[in-house]
Each structure stands twice: as C-alpha cells, then as structure tokens.
$ cat my_file_3.txt   # compact mmCIF, C-alpha atoms
# COMPACT_ATOMS: atom_id res chain seq x y z
CA MET O 1 0.00 0.00 0.00
CA ASP O 2 1.37 3.41 -0.94
CA SER O 3 1.57 6.09 1.63
CA ILE O 4 3.43 9.34 1.96
CA VAL O 5 6.02 9.24 4.67
CA GLU O 6 8.30 12.17 5.20
CA CYS O 7 11.09 12.58 7.69
CA ARG O 8 12.31 15.97 8.77
CA VAL O 9 15.27 16.48 11.03
CA TYR O 10 15.61 19.81 12.76
CA ASN O 11 17.17 21.09 15.96
CA GLY O 12 18.19 17.61 16.90
CA LYS O 13 14.57 16.46 16.89
CA THR O 14 13.05 14.12 14.42
CA LYS O 15 9.53 14.50 13.22
CA LEU O 16 7.95 11.73 11.20
CA LEU O 17 5.05 12.95 9.14
CA HIS O 18 2.76 10.50 7.46
CA ASP O 19 -0.37 10.82 5.43
CA LYS O 20 -2.85 8.44 6.99
CA THR O 21 -5.73 9.33 4.72
CA GLY O 22 -4.63 6.81 2.13
CA LEU O 23 -4.49 4.06 4.71
CA GLY O 24 -8.11 4.21 5.75
CA ASN O 25 -9.24 1.81 8.42
CA VAL O 26 -6.06 -0.21 8.42
CA TYR O 27 -4.09 2.72 9.84
CA ALA O 28 -4.37 1.42 13.39
CA ASP O 29 -2.65 -1.78 12.35
CA VAL O 30 0.20 -0.10 10.52
CA LYS O 31 3.47 -0.07 12.34
CA ILE O 32 6.30 1.99 10.88
CA ASN O 33 9.75 1.65 12.27
CA ALA O 34 12.02 4.48 11.21
CA SER O 35 15.68 4.50 12.02
CA ILE O 36 17.99 7.33 11.06
CA LEU O 37 21.33 8.67 12.14
CA ASN O 38 21.39 11.87 14.12
CA GLU O 39 24.28 14.33 14.32
CA GLU O 40 26.11 12.25 16.90
CA GLY O 41 25.86 9.21 14.70
CA SER O 42 23.48 7.29 16.90
CA HIS O 43 20.15 5.94 15.77
CA LEU O 44 16.85 7.62 16.41
CA GLU O 45 13.99 5.21 16.23
CA MET O 46 10.28 5.75 16.00
CA ASN O 47 7.33 3.47 15.94
CA THR O 48 4.17 5.15 14.74
CA LYS O 49 1.80 2.83 16.55
CA GLU O 50 3.59 3.32 19.85
CA GLU O 51 3.78 7.07 19.26
CA GLU O 52 0.05 7.27 18.70
CA LEU O 53 -0.71 5.14 21.74
CA PHE O 54 1.59 7.27 23.87
CA SER O 55 -0.01 10.41 22.54
CA THR O 56 -3.53 9.11 23.28
CA PHE O 57 -2.49 8.08 26.77
CA MET O 58 -0.79 11.38 27.58
CA THR O 59 -3.71 13.42 26.25
CA ASN O 60 -6.22 11.54 28.39
CA TYR O 61 -3.88 11.51 31.38
CA GLU O 62 -3.36 15.27 31.24
CA ILE O 63 -7.07 15.97 30.87
CA TRP O 64 -7.86 13.60 33.75
CA ASN O 65 -5.19 15.21 35.91
CA ASN O 66 -6.47 18.66 35.09
CA GLU O 67 -10.03 17.59 35.89
CA THR O 68 -9.35 15.91 39.18
CA ASN O 69 -6.14 17.04 40.86
CA PHE O 70 -8.02 19.51 43.06
CA LEU O 71 -10.67 17.00 44.04
CA SER O 72 -10.83 14.81 47.11
CA CYS O 73 -13.37 12.41 45.63
CA ASP O 74 -14.76 11.33 42.30
CA ASN O 75 -11.25 11.18 40.84
CA TYR O 76 -11.94 7.85 39.17
CA GLU O 77 -15.36 8.60 37.76
CA SER O 78 -13.97 10.69 34.92
CA ALA O 79 -14.59 9.46 31.40
CA ASN O 80 -10.93 10.22 30.72
CA PHE O 81 -9.82 7.82 33.41
CA LYS O 82 -11.89 5.14 31.76
CA LYS O 83 -10.34 6.01 28.39
CA ILE O 84 -6.92 5.44 29.97
CA THR O 85 -7.80 2.04 31.37
CA ALA O 86 -9.47 1.09 28.08
CA LEU O 87 -6.04 1.29 26.45
CA GLY O 88 -5.17 -1.83 28.41
CA GLU O 89 -1.77 -3.44 28.91
CA SER O 90 -0.20 -1.47 26.08
CA ILE O 91 0.04 1.68 28.24
CA VAL O 92 1.36 -0.08 31.33
CA PRO O 93 4.98 1.00 30.59
CA GLU O 94 3.84 4.65 30.65
CA ILE O 95 2.01 4.17 33.94
CA TYR O 96 5.08 2.41 35.32
CA LYS O 97 7.23 5.43 34.44
CA LEU O 98 4.79 7.81 36.14
CA ILE O 99 4.50 5.88 39.40
CA LYS O 100 8.28 5.48 39.56
CA GLU O 101 8.66 9.27 39.40
CA ARG O 102 6.40 9.86 42.39
CA PRO O 103 3.34 8.28 44.06
CA ASN O 104 0.61 8.90 41.53
CA PRO O 105 -3.13 8.19 41.70
CA ILE O 106 -2.93 6.81 38.15
CA VAL O 107 -1.72 3.62 39.85
CA TYR O 108 -5.36 2.58 40.24
CA ALA O 109 -5.65 2.23 36.49
CA LEU O 110 -3.52 -0.88 37.01
CA ASP O 111 -6.27 -2.40 39.14
CA ASP O 112 -8.56 -2.01 36.19
CA ILE O 113 -6.06 -3.40 33.71
CA TYR O 114 -5.09 -6.34 35.94
CA PRO O 115 -8.26 -6.91 37.96
CA GLY O 116 -7.75 -8.79 41.20
CA LEU O 117 -4.00 -9.03 40.84
CA VAL O 118 -3.29 -6.98 43.94
CA GLU O 119 -5.43 -7.12 47.05
CA TYR O 120 -5.38 -4.48 49.73
CA GLU O 121 -5.87 -4.97 53.42
CA GLY O 122 -6.81 -1.97 55.51
CA TYR O 123 -5.62 1.50 54.63
CA VAL O 124 -2.83 1.41 52.06
CA SER O 125 -1.03 4.64 51.30
CA LEU O 126 -0.65 5.73 47.72
CA LYS O 127 3.10 5.25 48.06
CA ASP O 128 2.71 1.66 49.25
CA ALA O 129 0.27 0.91 46.44
CA CYS O 130 2.75 2.34 43.93
CA ASP O 131 5.70 0.50 45.48
CA THR O 132 3.80 -2.78 45.24
CA TRP O 133 3.04 -2.29 41.56
CA ILE O 134 6.61 -1.15 40.88
CA SER O 135 7.81 -4.47 42.28
CA ILE O 136 5.26 -6.52 40.33
CA LEU O 137 5.23 -4.95 36.89
CA PRO O 138 8.73 -5.99 35.78
CA LYS O 139 7.59 -9.61 36.28
CA ILE O 140 4.43 -9.40 34.22
CA ALA O 141 4.73 -6.52 31.77
CA ASN O 142 7.20 -5.16 29.27
CA VAL O 143 8.48 -2.30 31.43
CA MET N 144 11.83 27.72 48.43
CA ASP N 145 9.32 30.31 47.28
CA LEU N 146 6.21 28.48 46.17
CA ASN N 147 4.07 31.57 45.85
CA THR N 148 5.23 32.10 42.29
CA PRO N 149 3.03 33.59 39.55
CA GLN N 150 2.99 30.20 37.80
CA ASN N 151 1.84 28.30 40.91
CA ARG N 152 -0.69 30.97 41.79
CA GLN N 153 -2.11 30.83 38.29
CA CYS N 154 -2.51 27.09 38.64
CA LEU N 155 -5.05 27.63 41.44
CA ILE N 156 -6.51 30.86 40.04
CA SER N 157 -7.33 29.08 36.78
CA VAL N 158 -9.73 26.89 38.76
CA PHE N 159 -10.82 29.36 41.44
CA PRO N 160 -10.76 32.77 39.70
CA LYS N 161 -11.67 34.77 42.80
CA LEU N 162 -8.31 33.89 44.33
CA GLY N 163 -6.81 36.21 41.70
CA SER N 164 -8.15 39.25 43.51
CA ASP N 165 -7.75 37.86 47.03
CA ALA N 166 -5.09 39.89 48.88
CA LYS N 167 -4.72 37.07 51.42
CA PHE N 168 -4.03 34.35 48.86
CA PHE N 169 -0.60 32.84 49.43
CA ILE N 170 0.76 29.41 48.45
CA ASN N 171 2.43 27.81 51.41
CA SER N 172 3.59 24.25 50.69
CA PRO N 173 4.42 22.07 47.70
CA CYS N 174 2.09 19.56 46.07
CA ASP N 175 1.70 16.34 48.02
CA THR N 176 -0.41 13.34 46.98
CA THR N 177 -0.27 11.84 50.49
CA TYR N 178 -3.05 13.89 52.03
CA ASN N 179 -6.00 16.01 50.99
CA CYS N 180 -8.04 18.91 52.30
CA ILE N 181 -10.20 16.84 54.65
CA ALA N 182 -7.16 15.17 56.21
CA PHE N 183 -5.43 18.52 56.57
CA ALA N 184 -8.44 20.11 58.29
CA MET N 185 -8.69 17.13 60.65
CA GLY N 186 -4.99 17.39 61.51
CA PHE N 187 -3.57 14.49 59.48
CA GLN N 188 -0.80 14.67 56.91
CA ASP N 189 -0.31 10.93 56.45
CA ARG N 190 -3.53 9.89 54.72
CA TRP N 191 -6.16 10.74 52.14
CA VAL N 192 -9.46 11.18 53.94
CA ALA N 193 -12.45 10.69 51.66
CA SER N 194 -15.56 8.69 51.27
CA ASN N 195 -14.48 5.51 49.55
CA GLU N 196 -17.80 4.10 48.53
CA ASN N 197 -19.58 6.50 46.23
CA SER N 198 -17.05 7.08 43.51
CA VAL N 199 -16.03 3.45 43.14
CA MET N 200 -19.46 2.05 42.53
CA ARG N 201 -19.14 2.59 38.81
CA VAL N 202 -15.53 1.51 38.53
CA GLU N 203 -15.91 -2.12 39.40
CA ASN N 204 -12.32 -3.18 39.12
CA ILE N 205 -11.10 -0.51 41.47
CA ARG N 206 -13.36 -1.95 44.12
CA ARG N 207 -11.41 -4.00 46.57
CA SER N 208 -12.60 -7.15 48.24
CA ASN N 209 -14.15 -4.91 50.87
CA GLY N 210 -15.52 -2.50 48.28
CA ARG N 211 -13.28 0.52 48.68
CA ILE N 212 -10.27 2.32 47.30
CA ALA N 213 -7.16 1.37 49.23
CA HIS N 214 -5.68 4.78 49.91
CA ARG N 215 -8.88 6.37 51.17
CA TRP N 216 -9.46 6.57 54.89
CA TRP N 217 -12.79 7.43 56.45
CA PRO N 218 -13.53 7.56 60.20
CA GLU N 219 -15.12 4.37 61.42
CA GLY N 220 -18.81 4.75 62.10
CA ALA N 221 -19.34 7.84 59.95
CA THR N 222 -21.74 7.47 57.03
CA ASN N 223 -19.58 6.75 54.04
CA ASP N 224 -20.96 8.89 51.24
CA MET N 225 -20.85 12.35 49.70
CA ALA N 226 -23.79 13.88 51.55
CA PRO N 227 -22.76 17.07 53.38
CA ALA N 228 -24.19 15.62 56.61
CA SER N 229 -21.80 12.67 56.27
CA LEU N 230 -18.80 14.99 56.25
CA VAL N 231 -20.12 16.58 59.43
CA GLU N 232 -20.37 13.09 60.93
CA ALA N 233 -16.79 12.34 59.89
CA PHE N 234 -15.55 15.46 61.68
CA GLU N 235 -17.68 14.62 64.71
CA LYS N 236 -15.81 11.29 64.92
CA LEU N 237 -12.68 13.42 65.32
CA SER N 238 -14.36 15.32 68.21
CA PHE N 239 -15.40 18.37 66.23
CA GLU N 240 -18.78 19.86 67.06
CA LYS N 241 -20.96 22.16 65.01
CA CYS N 242 -20.69 25.90 65.60
CA ASP N 243 -22.27 28.97 64.07
CA ASN N 244 -19.34 30.88 62.65
CA GLY N 245 -15.61 31.07 62.00
CA CYS N 246 -14.87 33.61 64.75
CA GLN N 247 -12.00 32.67 67.02
CA GLU N 248 -12.88 31.08 70.36
CA PRO N 249 -10.14 30.66 72.98
CA GLY N 250 -9.08 27.03 73.33
CA TYR N 251 -10.75 25.87 70.10
CA GLU N 252 -9.63 25.23 66.55
CA LYS N 253 -12.19 25.68 63.79
CA VAL N 254 -12.84 24.32 60.32
CA ALA N 255 -15.14 25.34 57.49
CA LEU N 256 -16.88 22.64 55.44
CA TYR N 257 -17.81 23.29 51.81
CA SER N 258 -20.39 21.77 49.50
CA SER N 259 -21.51 22.13 45.93
CA ASN N 260 -24.44 20.58 44.08
CA GLY N 261 -25.56 18.66 47.14
CA LYS N 262 -22.19 16.98 47.74
CA TRP N 263 -19.43 17.84 50.19
CA THR N 264 -16.33 19.03 48.38
CA HIS N 265 -13.78 20.57 50.70
CA ALA N 266 -12.71 21.53 54.21
CA ALA N 267 -10.44 24.36 55.35
CA LYS N 268 -8.80 25.28 58.63
CA VAL N 269 -10.04 28.59 59.95
CA ILE N 270 -7.04 30.59 61.11
CA ASP N 271 -8.97 33.75 61.79
CA GLU N 272 -12.44 35.03 61.03
CA ASN N 273 -11.68 35.63 57.37
CA LEU N 274 -8.38 33.83 56.93
CA TYR N 275 -8.48 30.16 55.95
CA HIS N 276 -5.85 27.53 55.22
CA SER N 277 -6.64 24.86 52.62
CA LYS N 278 -4.99 21.90 50.98
CA PHE N 279 -6.14 21.73 47.35
CA GLY N 280 -6.59 18.07 46.46
CA GLU N 281 -3.19 16.62 45.63
CA CYS N 282 -1.78 20.09 44.92
CA PHE N 283 -0.51 22.92 47.09
CA ASP N 284 -1.81 24.19 50.36
CA ALA N 285 -2.55 27.89 50.55
CA VAL N 286 -4.06 30.56 52.76
CA HIS N 287 -6.99 32.54 51.42
CA SER N 288 -10.08 34.48 52.40
CA GLY N 289 -13.38 32.94 53.40
CA GLY N 290 -16.78 33.47 51.84
CA ASP N 291 -17.39 32.23 48.31
CA ILE N 292 -13.76 32.52 47.23
CA LEU N 293 -13.59 28.84 46.18
CA VAL N 294 -16.52 28.94 43.80
CA SER N 295 -15.60 28.04 40.25
CA SER N 296 -17.62 28.48 37.08
CA ASP N 297 -16.69 24.88 36.27
CA THR N 298 -19.18 23.02 38.46
CA THR N 299 -17.16 19.80 38.32
CA LYS N 300 -14.25 21.56 40.05
CA SER N 301 -16.03 24.14 42.19
CA TYR N 302 -15.74 23.76 45.97
CA GLY N 303 -18.92 25.80 46.28
CA THR N 304 -19.70 27.53 49.53
CA ILE N 305 -19.40 26.92 53.26
CA PHE N 306 -22.31 24.94 54.66
CA GLN N 307 -21.02 24.32 58.18
CA PHE N 308 -18.44 25.57 60.66
CA MET N 309 -17.12 23.14 63.27
CA LYS N 310 -14.81 23.47 66.26
CA ARG N 311 -12.68 21.18 68.43
CA LEU N 312 -10.90 21.71 71.71
CA ILE N 313 -7.22 22.16 70.93
CA SER N 314 -6.38 20.21 74.09
CA GLU N 315 -8.10 17.10 72.64
CA LYS N 316 -6.34 17.18 69.30
CA ASP N 317 -3.14 15.25 70.07
CA GLN N 318 -4.95 12.49 71.93
CA LEU N 319 -7.43 12.08 69.07
CA LEU N 320 -4.77 11.97 66.41
CA LYS N 321 -2.99 9.25 68.40
CA LYS N 322 -6.23 7.32 68.71
CA HIS N 323 -6.68 7.41 64.94
CA ALA N 324 -3.03 6.77 64.07
CA LEU N 325 -2.53 4.45 61.12
CA PRO N 326 -1.30 0.99 62.12
CA THR N 327 2.40 0.78 61.31
CA GLY N 328 3.77 -2.06 59.24
CA SER N 329 0.42 -3.24 57.95
CA SER N 330 -0.27 -0.68 55.29
CA LYS N 331 0.95 -2.73 52.39
CA ALA N 332 -0.78 -3.97 49.33
CA ASN N 333 -0.72 -7.71 49.07
CA PRO N 334 0.57 -9.13 45.81
CA ASP N 335 0.33 -12.75 47.00
CA ILE N 336 -1.98 -13.80 44.25
CA LEU N 337 0.62 -12.77 41.70
CA ALA N 338 1.88 -16.33 41.40
CA ILE N 339 -1.60 -17.53 40.52
CA TYR N 340 -1.96 -14.80 37.95
CA ILE N 341 1.35 -15.62 36.29
CA ALA N 342 0.45 -19.31 36.23
CA ARG N 343 -2.86 -18.49 34.57
CA LYS N 344 -1.11 -16.32 32.01
CA ARG N 345 1.32 -19.09 31.18
CA ASN N 346 -1.55 -21.49 30.72
CA GLY N 347 -3.44 -19.00 28.59
CA ILE N 348 -6.17 -18.57 31.18
CA GLY N 349 -5.54 -15.07 32.52

$ encode --input "my_file_3.txt" --output "structure tokens"
Amino acid sequence: MDSIVECRVYNGKTKLLHDKTGLGNVYADVKINASILNEEGSHLEMNTKEEELFSTFMTNYEIWNNETNFLSCDNYESANFKKITALGESIVPEIYKLIKERPNPIVYALDDIYPGLVEYEGYVSLKDACDTWISILPKIANV
Amino acid sequence: MDLNTPQNRQCLISVFPKLGSDAKFFINSPCDTTYNCIAFAMGFQDRWVASNENSVMRVENIRRSNGRIAHRWWPEGATNDMAPASLVEAFEKLSFEKCDNGCQEPGYEKVALYSSNGKWTHAAKVIDENLYHSKFGECFDAVHSGGDILVSSDTTKSYGTIFQFMKRLISEKDQLLKKHALPTGSSKANPDILAIYIARKRNGIG
C-alpha cells in the first residue's frame, strides 16, 4: 500500500510525518519503524503505533489530571480515566514510568487493567500501592 | 523555596478565579499526593481522607474485596458517602462539634466545610475570622479568604460555599490523632496472588 512518509530532522529532533488518509481503516494496524542517524551518529527510532498510543495516553492523562487534581473524591469517575484504562496493557509502561517518578493516583488504572492481581488490606497509602506495583510490573509486563 | 510564584498561583486561580483578587491568597507548601483537604483540616498529613464508597461504585475493578479504594481513609462509624451531613459526621468522629461561625474562640480550633451541588467538596482550617488555610486536592496548600472565594464556574471543580463551621478543643487534638493513628507495618498492598496470575497467564487462562 502506498503512503506518503516524510522525515524531517531539525534542531536535533526528528519528526515523522505521514499521510494516513490513504491508509483508511487499516491505519491502526500499521506499524512503521524508522531509524535514522542523528548528528552524533546514533540511531533515532520511531514506531508510529507506539507514538500514537503514547499520545492518546498522555492526552487523556493530562485531561484527567487537570479535571481531578483539586478534588478529594470522584477522581476515578472521569470518562478520561476510563479512556486510559481502556487502552489496556499497552500503556502499562507509561504508567510504570509515572509511578516510579512519584506516588501517583494513576496507579489505580492498574487495578482495572489487571483486575484482582493486587489485594489491599486496611488503609494502604498511595506510596505503598505504587511500590507494590513497581515491584510486580517488571515480572508481568514489558516495562 | 518560594512556592508563591506567579505560575503556581495561576494554577489555582485558573480553577478558582476569585483567588486572583484575594489579597490574602498565598501558596504555602508544595504539592503532596499523600493527604488532601479533609485530612489537613482534621490534623492528618499521612492519609487521604475521603468517602471511599460513592465514587467506586461505577468503577468495578477498582473496588477492593471490601468495596473501597485502598488509599482512602474514612472515620469508622461515619456514614460513608458524599452527603454534606456525612462529612459533618466524619468530623464529629474526630471530636469536632458544630458551631455557628468562624470567629475565634479561645481554646478551640475551627474548620469550614464546603459543599456544591448537594455533595461535600472541601474543608479548610479557619485561622482567623476571614483567613483560611486549605490543601487543594493533591496540589498545594494555601491561605486565602473565606466566603465564596472557592466557587468556580466549572461546576465539576467548584468547591462551592461553606455549609457548616465546626470546632474542636485544641487540648483534645493530640490524643485524638494518636487514637486514629494508622497501624504501622500493615499498610501494604498484598501481591500474594501474583503467582496464581502468572500461572494463569502461562496457561493461557488469565
């Protein structure tokens, strides 16, 4: 299938532009791996499917954060939280990165993605919940 | 470290526009996901105090075996929902009693409870008659004026207005906080069923 793919390199950043109109419904299944040399001679790699997934995740995560970070309750009722969990295991590496940075309420998306995997007894601090998942995820996910 | 920067201030003003013209508005501490406004008003900085029933009803997989979110603490015996009266009950479990206003009374500390659209939303410490100290969700804590300063045009974020003032004897505070101290060493999530999960995955069941 023909498609227009254009690479631009500027300011040390690589932008991969692609015309998805010609791909129609199969776009979601297209995976493009691009590898080019940057100024230092090392490879820059992109994967369009992963880029799009990451972008979808980050968009929903930022909206969810913006909606709920001043709230004490209802943080998990947001449609954007459900959009995050609907992405499933594929976004687990991104969640893993976030909870490693600092205790983050997004950790509860993991309970939705892996239902019943972790059980909680009594009050469990956000940090302890994150620490538990940080110890588990390398065993079960590609993080 | 100065946290009262224009950027941080704007973060709160963008949600609560009236803070922009509040001469008392001052950001005091950094963001902290450990505790929230209700905890802060009660005197805790080691837990997130919130009803843990209502919001999880529609998120089945976040429900634990006992039907609650793990990092939400709610005083035992207080009605566990978002009704304003339930927040009053929660504070009563911490020895607060209802009072008529936010004026200082010797020997007492006071809090202001907020509601919006029939749900409780927020609690603030009353430092003086018109000087309050709030923790904003998982973000900063800040001092600000009272009244309707925390109303937002976005009803999903608005803290609304004060529906109840409460007070507690300062002399009772330390004893109460000890009574409600979190058990040490037991606040861990239990990943014991991990082995079962991995076995299921390997066998194509999970």

$ closest_atom_pairs --input "my_file_3.txt" --of "chain O" --to "chain N" --cutoff "10 Å" --atoms "all atoms listed in the file" --output "tab-separated table"
residue	atom	partner	partner_atom	distance
O:Asn66	CA	N:Val158	CA	9.6
O:Glu67	CA	N:Lys300	CA	7.1
O:Thr68	CA	N:Lys300	CA	7.5
O:Asn69	CA	N:Glu281	CA	5.6
O:Phe70	CA	N:Gly280	CA	4.0
O:Leu71	CA	N:Gly280	CA	4.9
O:Ser72	CA	N:Gly280	CA	5.4
O:Cys73	CA	N:Ala193	CA	6.3
O:Asp74	CA	N:Ser198	CA	5.0
O:Asn75	CA	N:Ser198	CA	7.6
O:Tyr76	CA	N:Ser198	CA	6.7
O:Glu77	CA	N:Ser198	CA	6.2
O:Ser78	CA	N:Ser198	CA	9.8
O:Phe81	CA	N:Val202	CA	9.9
O:Lys82	CA	N:Val202	CA	8.5
O:Arg102	CA	N:Thr176	CA	8.9
O:Pro103	CA	N:Thr176	CA	6.9
O:Asn104	CA	N:Thr176	CA	7.1
O:Pro105	CA	N:Thr176	CA	7.9
O:Tyr108	CA	N:Ile205	CA	6.6
O:Ala109	CA	N:Ile205	CA	7.9
O:Leu110	CA	N:Ile205	CA	8.8
O:Asp111	CA	N:Ile205	CA	5.7
O:Asp112	CA	N:Asn204	CA	4.9
O:Ile113	CA	N:Asn204	CA	8.3
O:Tyr114	CA	N:Asn204	CA	8.5
O:Pro115	CA	N:Asn204	CA	5.6
O:Gly116	CA	N:Asn204	CA	7.5
O:Leu117	CA	N:Leu337	CA	6.0
O:Val118	CA	N:Pro334	CA	4.8
O:Glu119	CA	N:Asn333	CA	5.2
O:Tyr120	CA	N:Ala332	CA	4.6
O:Glu121	CA	N:Ala332	CA	6.6
O:Gly122	CA	N:Ser330	CA	6.7
O:Tyr123	CA	N:Ala213	CA	5.6
O:Val124	CA	N:Ser330	CA	4.6
O:Ser125	CA	N:His214	CA	4.9
O:Leu126	CA	N:His214	CA	5.6
O:Lys127	CA	N:Thr177	CA	7.8
O:Asp128	CA	N:Lys331	CA	5.7
O:Ala129	CA	N:Ala332	CA	5.8
O:Cys130	CA	N:Ala332	CA	9.0
O:Asp131	CA	N:Ala332	CA	8.8
O:Thr132	CA	N:Ala332	CA	6.3
O:Trp133	CA	N:Pro334	CA	8.4
O:Ser135	CA	N:Pro334	CA	9.3
O:Ile136	CA	N:Pro334	CA	7.7
O:Lys139	CA	N:Ile341	CA	8.7
O:Ile140	CA	N:Ile341	CA	7.2

$ atom_distance --input "my_file_3.txt" --atom1 "atom CA of N:Leu256" --atom2 "atom CA of N:Phe308"
6.2 Å

$ atom_distance --input "my_file_3.txt" --atom1 "atom CA of O:Ile95" --atom2 "atom CA of O:Val107"
7.0 Å

$ atom_distance --input "my_file_3.txt" --atom1 "atom CA of N:Leu320" --atom2 "atom CA of N:Phe187"
7.5 Å

$ residues_around --input "my_file_3.txt" --residues "N:Leu162" --least-positions-apart "2" --cutoff "12 Å" --atoms "all atoms listed in the file" --output "list in words"
Arg152, Gln153, Cys154, Leu155, Ile156, Ser157, Val158, Phe159, Pro160, Ser164, Asp165, Ala166, Lys167, Phe168, Phe169, Ile170, Ala285, Val286, His287, Ser288, Gly289, Gly290, Asp291, Ile292, Leu293, Val294 and Ser295 of chain N

$ build_atoms --input "my_file_3.txt" --residues "stretch 212-221 of chain N" --atoms "all heavy atoms" --output "PDB file, in the coordinates of the input"
ATOM      1  N   ILE N 212     -11.574   1.997  47.861  1.00  0.00           N
ATOM      2  CA  ILE N 212     -10.270   2.320  47.300  1.00  0.00           C
ATOM      3  C   ILE N 212      -9.239   2.289  48.433  1.00  0.00           C
ATOM      4  O   ILE N 212      -9.484   2.827  49.511  1.00  0.00           O
ATOM      5  CB  ILE N 212     -10.300   3.701  46.622  1.00  0.00           C
ATOM      6  CG1 ILE N 212     -11.145   3.594  45.340  1.00  0.00           C
ATOM      7  CG2 ILE N 212      -8.904   4.194  46.298  1.00  0.00           C
ATOM      8  CD1 ILE N 212     -11.304   4.891  44.611  1.00  0.00           C
ATOM      9  N   ALA N 213      -8.112   1.673  48.150  1.00  0.00           N
ATOM     10  CA  ALA N 213      -7.160   1.370  49.230  1.00  0.00           C
ATOM     11  C   ALA N 213      -6.641   2.607  49.950  1.00  0.00           C
ATOM     12  O   ALA N 213      -6.464   2.587  51.161  1.00  0.00           O
ATOM     13  CB  ALA N 213      -5.999   0.576  48.661  1.00  0.00           C
ATOM     14  N   HIS N 214      -6.349   3.667  49.213  1.00  0.00           N
ATOM     15  CA  HIS N 214      -5.680   4.780  49.910  1.00  0.00           C
ATOM     16  C   HIS N 214      -6.679   5.851  50.359  1.00  0.00           C
ATOM     17  O   HIS N 214      -6.327   7.004  50.497  1.00  0.00           O
ATOM     18  CB  HIS N 214      -4.544   5.347  49.055  1.00  0.00           C
ATOM     19  CG  HIS N 214      -4.949   6.397  48.070  1.00  0.00           C
ATOM     20  ND1 HIS N 214      -5.693   6.112  46.960  1.00  0.00           N
ATOM     21  CD2 HIS N 214      -4.696   7.731  48.029  1.00  0.00           C
ATOM     22  CE1 HIS N 214      -5.883   7.224  46.279  1.00  0.00           C
ATOM     23  NE2 HIS N 214      -5.300   8.213  46.898  1.00  0.00           N
ATOM     24  N   ARG N 215      -7.906   5.424  50.631  1.00  0.00           N
ATOM     25  CA  ARG N 215      -8.880   6.370  51.170  1.00  0.00           C
ATOM     26  C   ARG N 215      -9.306   5.939  52.574  1.00  0.00           C
ATOM     27  O   ARG N 215      -9.750   4.816  52.763  1.00  0.00           O
ATOM     28  CB  ARG N 215     -10.085   6.470  50.260  1.00  0.00           C
ATOM     29  CG  ARG N 215      -9.722   7.211  48.994  1.00  0.00           C
ATOM     30  CD  ARG N 215     -10.897   7.414  48.110  1.00  0.00           C
ATOM     31  NE  ARG N 215     -10.517   8.279  47.004  1.00  0.00           N
ATOM     32  CZ  ARG N 215     -11.303   8.584  46.010  1.00  0.00           C
ATOM     33  NH1 ARG N 215     -12.515   8.092  45.974  1.00  0.00           N
ATOM     34  NH2 ARG N 215     -10.891   9.373  45.042  1.00  0.00           N
ATOM     35  N   TRP N 216      -9.134   6.842  53.485  1.00  0.00           N
ATOM     36  CA  TRP N 216      -9.460   6.570  54.890  1.00  0.00           C
ATOM     37  C   TRP N 216     -10.704   7.369  55.269  1.00  0.00           C
ATOM     38  O   TRP N 216     -10.848   8.520  54.849  1.00  0.00           O
ATOM     39  CB  TRP N 216      -8.281   6.974  55.763  1.00  0.00           C
ATOM     40  CG  TRP N 216      -8.443   6.688  57.226  1.00  0.00           C
ATOM     41  CD1 TRP N 216      -8.105   5.543  57.876  1.00  0.00           C
ATOM     42  CD2 TRP N 216      -8.952   7.579  58.231  1.00  0.00           C
ATOM     43  NE1 TRP N 216      -8.385   5.661  59.209  1.00  0.00           N
ATOM     44  CE2 TRP N 216      -8.906   6.886  59.457  1.00  0.00           C
ATOM     45  CE3 TRP N 216      -9.450   8.891  58.205  1.00  0.00           C
ATOM     46  CZ2 TRP N 216      -9.323   7.459  60.661  1.00  0.00           C
ATOM     47  CZ3 TRP N 216      -9.879   9.460  59.401  1.00  0.00           C
ATOM     48  CH2 TRP N 216      -9.808   8.755  60.615  1.00  0.00           C
ATOM     49  N   TRP N 217     -11.573   6.739  56.012  1.00  0.00           N
ATOM     50  CA  TRP N 217     -12.790   7.430  56.450  1.00  0.00           C
ATOM     51  C   TRP N 217     -13.040   7.013  57.890  1.00  0.00           C
ATOM     52  O   TRP N 217     -12.895   5.825  58.209  1.00  0.00           O
ATOM     53  CB  TRP N 217     -13.969   7.008  55.559  1.00  0.00           C
ATOM     54  CG  TRP N 217     -15.212   7.852  55.682  1.00  0.00           C
ATOM     55  CD1 TRP N 217     -16.412   7.437  56.183  1.00  0.00           C
ATOM     56  CD2 TRP N 217     -15.401   9.214  55.284  1.00  0.00           C
ATOM     57  NE1 TRP N 217     -17.326   8.464  56.120  1.00  0.00           N
ATOM     58  CE2 TRP N 217     -16.736   9.569  55.569  1.00  0.00           C
ATOM     59  CE3 TRP N 217     -14.559  10.186  54.729  1.00  0.00           C
ATOM     60  CZ2 TRP N 217     -17.258  10.835  55.317  1.00  0.00           C
ATOM     61  CZ3 TRP N 217     -15.070  11.450  54.470  1.00  0.00           C
ATOM     62  CH2 TRP N 217     -16.402  11.761  54.767  1.00  0.00           C
ATOM     63  N   PRO N 218     -13.374   7.938  58.783  1.00  0.00           N
ATOM     64  CA  PRO N 218     -13.530   7.560  60.200  1.00  0.00           C
ATOM     65  C   PRO N 218     -14.569   6.461  60.371  1.00  0.00           C
ATOM     66  O   PRO N 218     -15.651   6.523  59.773  1.00  0.00           O
ATOM     67  CB  PRO N 218     -14.006   8.864  60.854  1.00  0.00           C
ATOM     68  CG  PRO N 218     -13.600   9.950  59.934  1.00  0.00           C
ATOM     69  CD  PRO N 218     -13.640   9.374  58.551  1.00  0.00           C
ATOM     70  N   GLU N 219     -14.221   5.491  61.174  1.00  0.00           N
ATOM     71  CA  GLU N 219     -15.120   4.370  61.420  1.00  0.00           C
ATOM     72  C   GLU N 219     -16.421   4.862  62.055  1.00  0.00           C
ATOM     73  O   GLU N 219     -16.397   5.682  62.977  1.00  0.00           O
ATOM     74  CB  GLU N 219     -14.431   3.370  62.350  1.00  0.00           C
ATOM     75  CG  GLU N 219     -14.954   1.971  62.206  1.00  0.00           C
ATOM     76  CD  GLU N 219     -14.157   1.004  63.076  1.00  0.00           C
ATOM     77  OE1 GLU N 219     -12.945   1.219  63.262  1.00  0.00           O
ATOM     78  OE2 GLU N 219     -14.782   0.050  63.569  1.00  0.00           O
ATOM     79  N   GLY N 220     -17.523   4.391  61.526  1.00  0.00           N
ATOM     80  CA  GLY N 220     -18.810   4.750  62.100  1.00  0.00           C
ATOM     81  C   GLY N 220     -19.489   5.928  61.438  1.00  0.00           C
ATOM     82  O   GLY N 220     -20.683   6.156  61.629  1.00  0.00           O
ATOM     83  N   ALA N 221     -18.738   6.703  60.654  1.00  0.00           N
ATOM     84  CA  ALA N 221     -19.340   7.840  59.950  1.00  0.00           C
ATOM     85  C   ALA N 221     -19.953   7.339  58.643  1.00  0.00           C
ATOM     86  O   ALA N 221     -19.373   6.470  57.988  1.00  0.00           O
ATOM     87  CB  ALA N 221     -18.285   8.898  59.653  1.00  0.00           C
TER      88      ALA N 221
END
